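Report on the structure given below.
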Amino acid sequence: MGANDQNLTAEQQQELDDVYSRARVALKVIEGYDQARVDRLCQAVAWAVSNKTTFSRLVDMGIAESRLGDPVSRMGKRMKIRGVLRDALREKSVGILEEIPEKGLVKYGKPAGVIACLVPTTNPDLTPAGNAIYAIKARDVVIFSPHPRAKDTSAETVRLMREALESEGAPADILQCLTMVNIPMSQALMARADLVLATGGQPMVRAAYSSGRPAYGVGAGNSTMIIDETADTVQAAHNTMLSKTSDFGSGCSADGNLIIERSIFDDMLMQLEKEGGYLTTEEEKASLRDVMWDAEGHRLPETVASSPHELAKAAGFLIPTDRKFLIVRGDGIGKNHPFSSEKLTTLLAVYPYDGFDQALEMMHGIFDVGGKGHSCGIYSFSQDHIHRLALAAPVSRIMVRQPQSKANAGAFNNGMPMTSSLGCGTWGGNIVSENVHLKHYMNTTWVSVPIAEDRPPDAELFGDFYDARLEEDAESATSGTA
């Protein structure tokens, strides 16, 4: 028993021992599968949960269980499973992955091993499915630790995928799901894994990095869009609505802040209202602050992933039934201005700017509050503005004229790798600054054979700094000086 097992009950200890024992047996089997075999298994588990009938049931189950999210927009997440499958099927993972003859290199794919996957409460079905596809493709096995608030939904998702594996003659234990979940159980699970995948809140991610095992975590979001004078405000407003309302704004990629060029600020607000936005009064904004953050600025969980009507009602006012999200005029940027932080609900903050330099300053100010490393974007047709933002922004991904919650993690109309896990680099305390996808589920063996010597002369390497006199043999350089 390890140090991390000491806080487990006897029943939890037995479950952990059992799942790891079965996982190691399943790993020995899947390690021997060829490419065609693992590709077919990926297709089987993906279809088992992403068909419309089944995913609709899982969505309803997850929202009823967690009391979080919007059933209409969450249904769209089943397309993400198709995207993950598409990307997985297009890559090699067994045997030779790549050959580079001019360098004498051949790369071979190998399994990472037993993966511990921590599942967030907001994606109890999508995260297990996406992780399962990439893991099976890499010939790994996975033990899922569901969030206690949505554990039955995750368990049902895994059960369906296990059935699909069995129907193909593969071990069901390639995928397993813990039943007696709590923080000590998740910690003990991670401490034994070959690799940890943590998608969720910061406490979960920090626990993964503290597990003593290799881990991929994600950072907090505070997605921000700059809208310059060249933008199509109709397009920008529509995309903002799509991003802000997706699953009631619960995703870390849901647009939270708009930095808008002053000359188009009023037009943008008008377009946002046409898309279903409700512009709050100063009194309503003050009431919203009270129900969203405590006195120390900590986000209150009761209003996370709320519909705009529930959020307004919690703050003591009513909005028309056709409104889709709330809008507040930002009253400043900084730690003392919580509306400039991550909101995780159907509320959007808007800020006017004068000149693109100020837009970049405001962008930096927002990310100093939170969300550094995650994402931002721009509605612009100015390549100069797009380029300047790309140079300046401390984020891992920038979406141009796209709704971030629909685009950051990959979409069928962009080239981002499909995933449900967004690495945020060292800015966000992560080891990767890209979308976590197939290559992160594999080990790679590099085989090197000799090639013709590739050693440039020193004069070429060091350029102006090269001084041939300093390379002379010391003895010859001093001979005859006595």
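Residue numbering restarts at 1 for every chain of the structure tokens, chains are lettered A, B, ... in their displayed order, and ligands are numbered from 1 as they appear.
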Could you pull out the residues in segment 227-387 of chain A that DSSP calls strand (DSSP E) from the backbone, as a compact mmCIF listing (two decimals) with N, CA and C atoms, in the first residue's frame?
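Listed below is the output, selection-v4.txt:
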```txt
# COMPACT_ATOMS: atom_id res chain seq x y z
N ILE A 227 -12.37 43.07 -30.92
CA ILE A 227 -13.19 43.34 -32.11
C ILE A 227 -12.77 44.71 -32.64
N ASN A 257 -15.13 38.03 -22.36
CA ASN A 257 -14.84 39.46 -22.46
C ASN A 257 -14.71 39.86 -23.92
N LEU A 258 -15.34 40.98 -24.27
CA LEU A 258 -15.18 41.57 -25.59
C LEU A 258 -14.51 42.93 -25.42
N ILE A 259 -13.39 43.13 -26.13
CA ILE A 259 -12.69 44.41 -26.16
C ILE A 259 -12.97 45.00 -27.52
N ILE A 260 -13.78 46.09 -27.56
CA ILE A 260 -14.39 46.56 -28.80
C ILE A 260 -13.90 47.97 -29.15
N GLU A 261 -13.48 48.15 -30.38
CA GLU A 261 -13.05 49.47 -30.84
C GLU A 261 -14.21 50.48 -30.66
N GLY A 277 -28.86 39.20 -26.50
CA GLY A 277 -28.20 39.73 -25.32
C GLY A 277 -29.09 40.69 -24.55
N TYR A 278 -28.94 40.71 -23.24
CA TYR A 278 -29.67 41.65 -22.38
C TYR A 278 -28.65 42.55 -21.70
N LEU A 279 -28.68 43.84 -22.01
CA LEU A 279 -27.75 44.80 -21.42
C LEU A 279 -28.25 45.22 -20.05
N PHE A 325 -28.45 35.66 -23.14
CA PHE A 325 -27.28 35.89 -22.29
C PHE A 325 -27.33 37.33 -21.76
N LEU A 326 -26.57 37.58 -20.71
CA LEU A 326 -26.53 38.90 -20.08
C LEU A 326 -25.25 39.62 -20.48
N ILE A 327 -25.34 40.94 -20.56
CA ILE A 327 -24.19 41.78 -20.91
C ILE A 327 -23.99 42.82 -19.82
N VAL A 328 -22.75 42.97 -19.35
CA VAL A 328 -22.42 44.07 -18.43
C VAL A 328 -21.34 44.92 -19.07
N ARG A 329 -21.43 46.22 -18.84
CA ARG A 329 -20.35 47.11 -19.26
C ARG A 329 -19.24 47.00 -18.23
N LEU A 347 -22.93 35.15 -18.91
CA LEU A 347 -22.71 36.58 -18.72
C LEU A 347 -21.46 37.02 -19.46
N LEU A 348 -21.56 38.14 -20.15
CA LEU A 348 -20.50 38.67 -21.00
C LEU A 348 -20.16 40.08 -20.55
N ALA A 349 -18.86 40.40 -20.48
CA ALA A 349 -18.42 41.76 -20.16
C ALA A 349 -17.89 42.42 -21.42
N VAL A 350 -18.23 43.70 -21.62
CA VAL A 350 -17.78 44.42 -22.82
C VAL A 350 -17.02 45.67 -22.40
N TYR A 351 -15.98 45.98 -23.17
CA TYR A 351 -15.10 47.11 -22.87
C TYR A 351 -14.77 47.84 -24.18
N PRO A 352 -14.92 49.18 -24.22
CA PRO A 352 -14.47 49.92 -25.40
C PRO A 352 -12.98 50.23 -25.32
N TYR A 353 -12.33 50.35 -26.50
CA TYR A 353 -10.92 50.76 -26.51
C TYR A 353 -10.70 51.82 -27.58
N GLY A 373 -2.56 31.82 -20.75
CA GLY A 373 -2.18 30.56 -21.38
C GLY A 373 -3.30 29.88 -22.14
N HIS A 374 -4.55 30.24 -21.85
CA HIS A 374 -5.67 29.51 -22.45
C HIS A 374 -5.98 29.97 -23.87
N SER A 375 -6.69 31.07 -24.03
CA SER A 375 -7.11 31.43 -25.38
C SER A 375 -7.62 32.86 -25.46
N CYS A 376 -7.47 33.42 -26.63
CA CYS A 376 -8.14 34.66 -26.96
C CYS A 376 -8.41 34.63 -28.46
N GLY A 377 -8.98 35.69 -28.97
CA GLY A 377 -9.29 35.71 -30.38
C GLY A 377 -9.51 37.11 -30.88
N ILE A 378 -9.82 37.21 -32.15
CA ILE A 378 -9.99 38.53 -32.75
C ILE A 378 -10.96 38.45 -33.91
N TYR A 379 -11.84 39.45 -33.99
CA TYR A 379 -12.66 39.66 -35.18
C TYR A 379 -12.04 40.83 -35.91
```
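Residues surrounding Cys42 of chain A within 9 Å are Arg37, Val38, Ala46, Trp47, Leu85, Ala88, Leu89, Ala132, Ile133, Tyr134, Ala135, Ile136 and Lys137 of chain A [only C-alpha atoms; sequence separation below 4 positions excluded].
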For the residues selected in the previous step, produce a file with C-alpha atoms as a short mmCIF file (atom, residue, chain, number, x, y, z; two decimals), in the first residue's frame.
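As a result, selection.cif now contains:
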```cif
data_model
loop_
_atom_site.label_atom_id
_atom_site.label_comp_id
_atom_site.auth_asym_id
_atom_site.auth_seq_id
_atom_site.Cartn_x
_atom_site.Cartn_y
_atom_site.Cartn_z
CA ARG A 37 -7.63 -3.69 -35.10
CA VAL A 38 -7.27 -0.59 -32.94
CA ALA A 46 -17.14 6.18 -30.71
CA TRP A 47 -20.39 5.03 -32.29
CA LEU A 85 -12.33 9.92 -34.29
CA ALA A 88 -7.32 9.52 -34.70
CA LEU A 89 -8.10 7.50 -37.82
CA ALA A 132 -11.06 6.49 -24.89
CA ILE A 133 -10.69 6.98 -28.65
CA TYR A 134 -7.18 8.43 -28.41
CA ALA A 135 -6.13 5.91 -25.76
CA ILE A 136 -7.32 2.88 -27.73
CA LYS A 137 -5.68 4.26 -30.84
#
```
Residues within 8 Å of Lys244 of chain A, please, as a list in words. Count only C-alpha atoms; anything in the same chain fewer than 3 positions from it doesn't count.
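Skipping anything fewer than 3 positions along the chain leaves Thr240, Met241, Phe248, Gly249, Ala254, Asp255, Gly256, Phe325, Thr345, Thr346, Leu347, Leu348 and Ser405 of chain A.
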Prev. selection, N, CA and C atoms, output as a JSON list (two decimals), in the first residue's frame:
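File part.json, as written:
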```json
[["chain", "number", "residue", "atom", "x", "y", "z"],
["A", 240, "THR", "N", -20.38, 35.36, -31.05],
["A", 240, "THR", "CA", -20.30, 35.57, -29.61],
["A", 240, "THR", "C", -21.47, 34.90, -28.91],
["A", 241, "MET", "N", -22.66, 35.04, -29.47],
["A", 241, "MET", "CA", -23.83, 34.38, -28.89],
["A", 241, "MET", "C", -23.64, 32.87, -28.86],
["A", 248, "PHE", "N", -24.63, 26.82, -21.45],
["A", 248, "PHE", "CA", -24.80, 27.90, -20.47],
["A", 248, "PHE", "C", -23.47, 28.48, -20.01],
["A", 249, "GLY", "N", -22.53, 28.60, -20.95],
["A", 249, "GLY", "CA", -21.27, 29.28, -20.66],
["A", 249, "GLY", "C", -20.36, 28.56, -19.69],
["A", 254, "ALA", "N", -15.75, 29.51, -23.39],
["A", 254, "ALA", "CA", -16.88, 30.39, -23.65],
["A", 254, "ALA", "C", -16.44, 31.85, -23.56],
["A", 255, "ASP", "N", -16.73, 32.63, -24.60],
["A", 255, "ASP", "CA", -16.32, 34.03, -24.60],
["A", 255, "ASP", "C", -16.79, 34.73, -23.32],
["A", 256, "GLY", "N", -15.86, 35.38, -22.65],
["A", 256, "GLY", "CA", -16.20, 36.08, -21.42],
["A", 256, "GLY", "C", -16.05, 37.57, -21.50],
["A", 325, "PHE", "N", -28.45, 35.66, -23.14],
["A", 325, "PHE", "CA", -27.28, 35.89, -22.29],
["A", 325, "PHE", "C", -27.33, 37.33, -21.76],
["A", 345, "THR", "N", -20.52, 31.25, -16.92],
["A", 345, "THR", "CA", -21.97, 31.28, -17.00],
["A", 345, "THR", "C", -22.36, 32.17, -18.16],
["A", 346, "THR", "N", -23.66, 32.43, -18.31],
["A", 346, "THR", "CA", -24.18, 33.15, -19.47],
["A", 346, "THR", "C", -24.09, 34.67, -19.28],
["A", 347, "LEU", "N", -22.93, 35.15, -18.91],
["A", 347, "LEU", "CA", -22.71, 36.58, -18.72],
["A", 347, "LEU", "C", -21.46, 37.02, -19.46],
["A", 348, "LEU", "N", -21.56, 38.14, -20.15],
["A", 348, "LEU", "CA", -20.50, 38.67, -21.00],
["A", 348, "LEU", "C", -20.16, 40.08, -20.55],
["A", 405, "SER", "N", -15.67, 28.85, -28.07],
["A", 405, "SER", "CA", -16.13, 27.60, -27.47],
["A", 405, "SER", "C", -16.44, 26.54, -28.52]]
```
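You can rank A:Gly251, A:Pro128, A:Pro148, A:Pro120 by their closest distance to Lys406 of chain A using only C-alpha atoms, and at the top of that list sits A:Gly251.
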Excluding Asn51 of chain A and its own-chain neighbours fewer than 2 positions away, which residues fall within 12 Å of it when counting only C-alpha atoms? Please give them as a ChimeraX atom specification.
/A:43-49,53-59,75-82,129,160
Within 9 Å of Gly95 of chain A, counting only C-alpha atoms, which residues qualify if same-chain residues fewer than 4 places away don't, as a PyMOL selection string?
chain A and resi 34-35+107-110
Can you measure atom CA of Glu156 of chain A to atom CA of Ala208 of chain A for me? One decimal in Å is fine.
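Straight-line distance from atom CA of Glu156 of chain A to atom CA of Ala208 of chain A works out to 24.2 Å.
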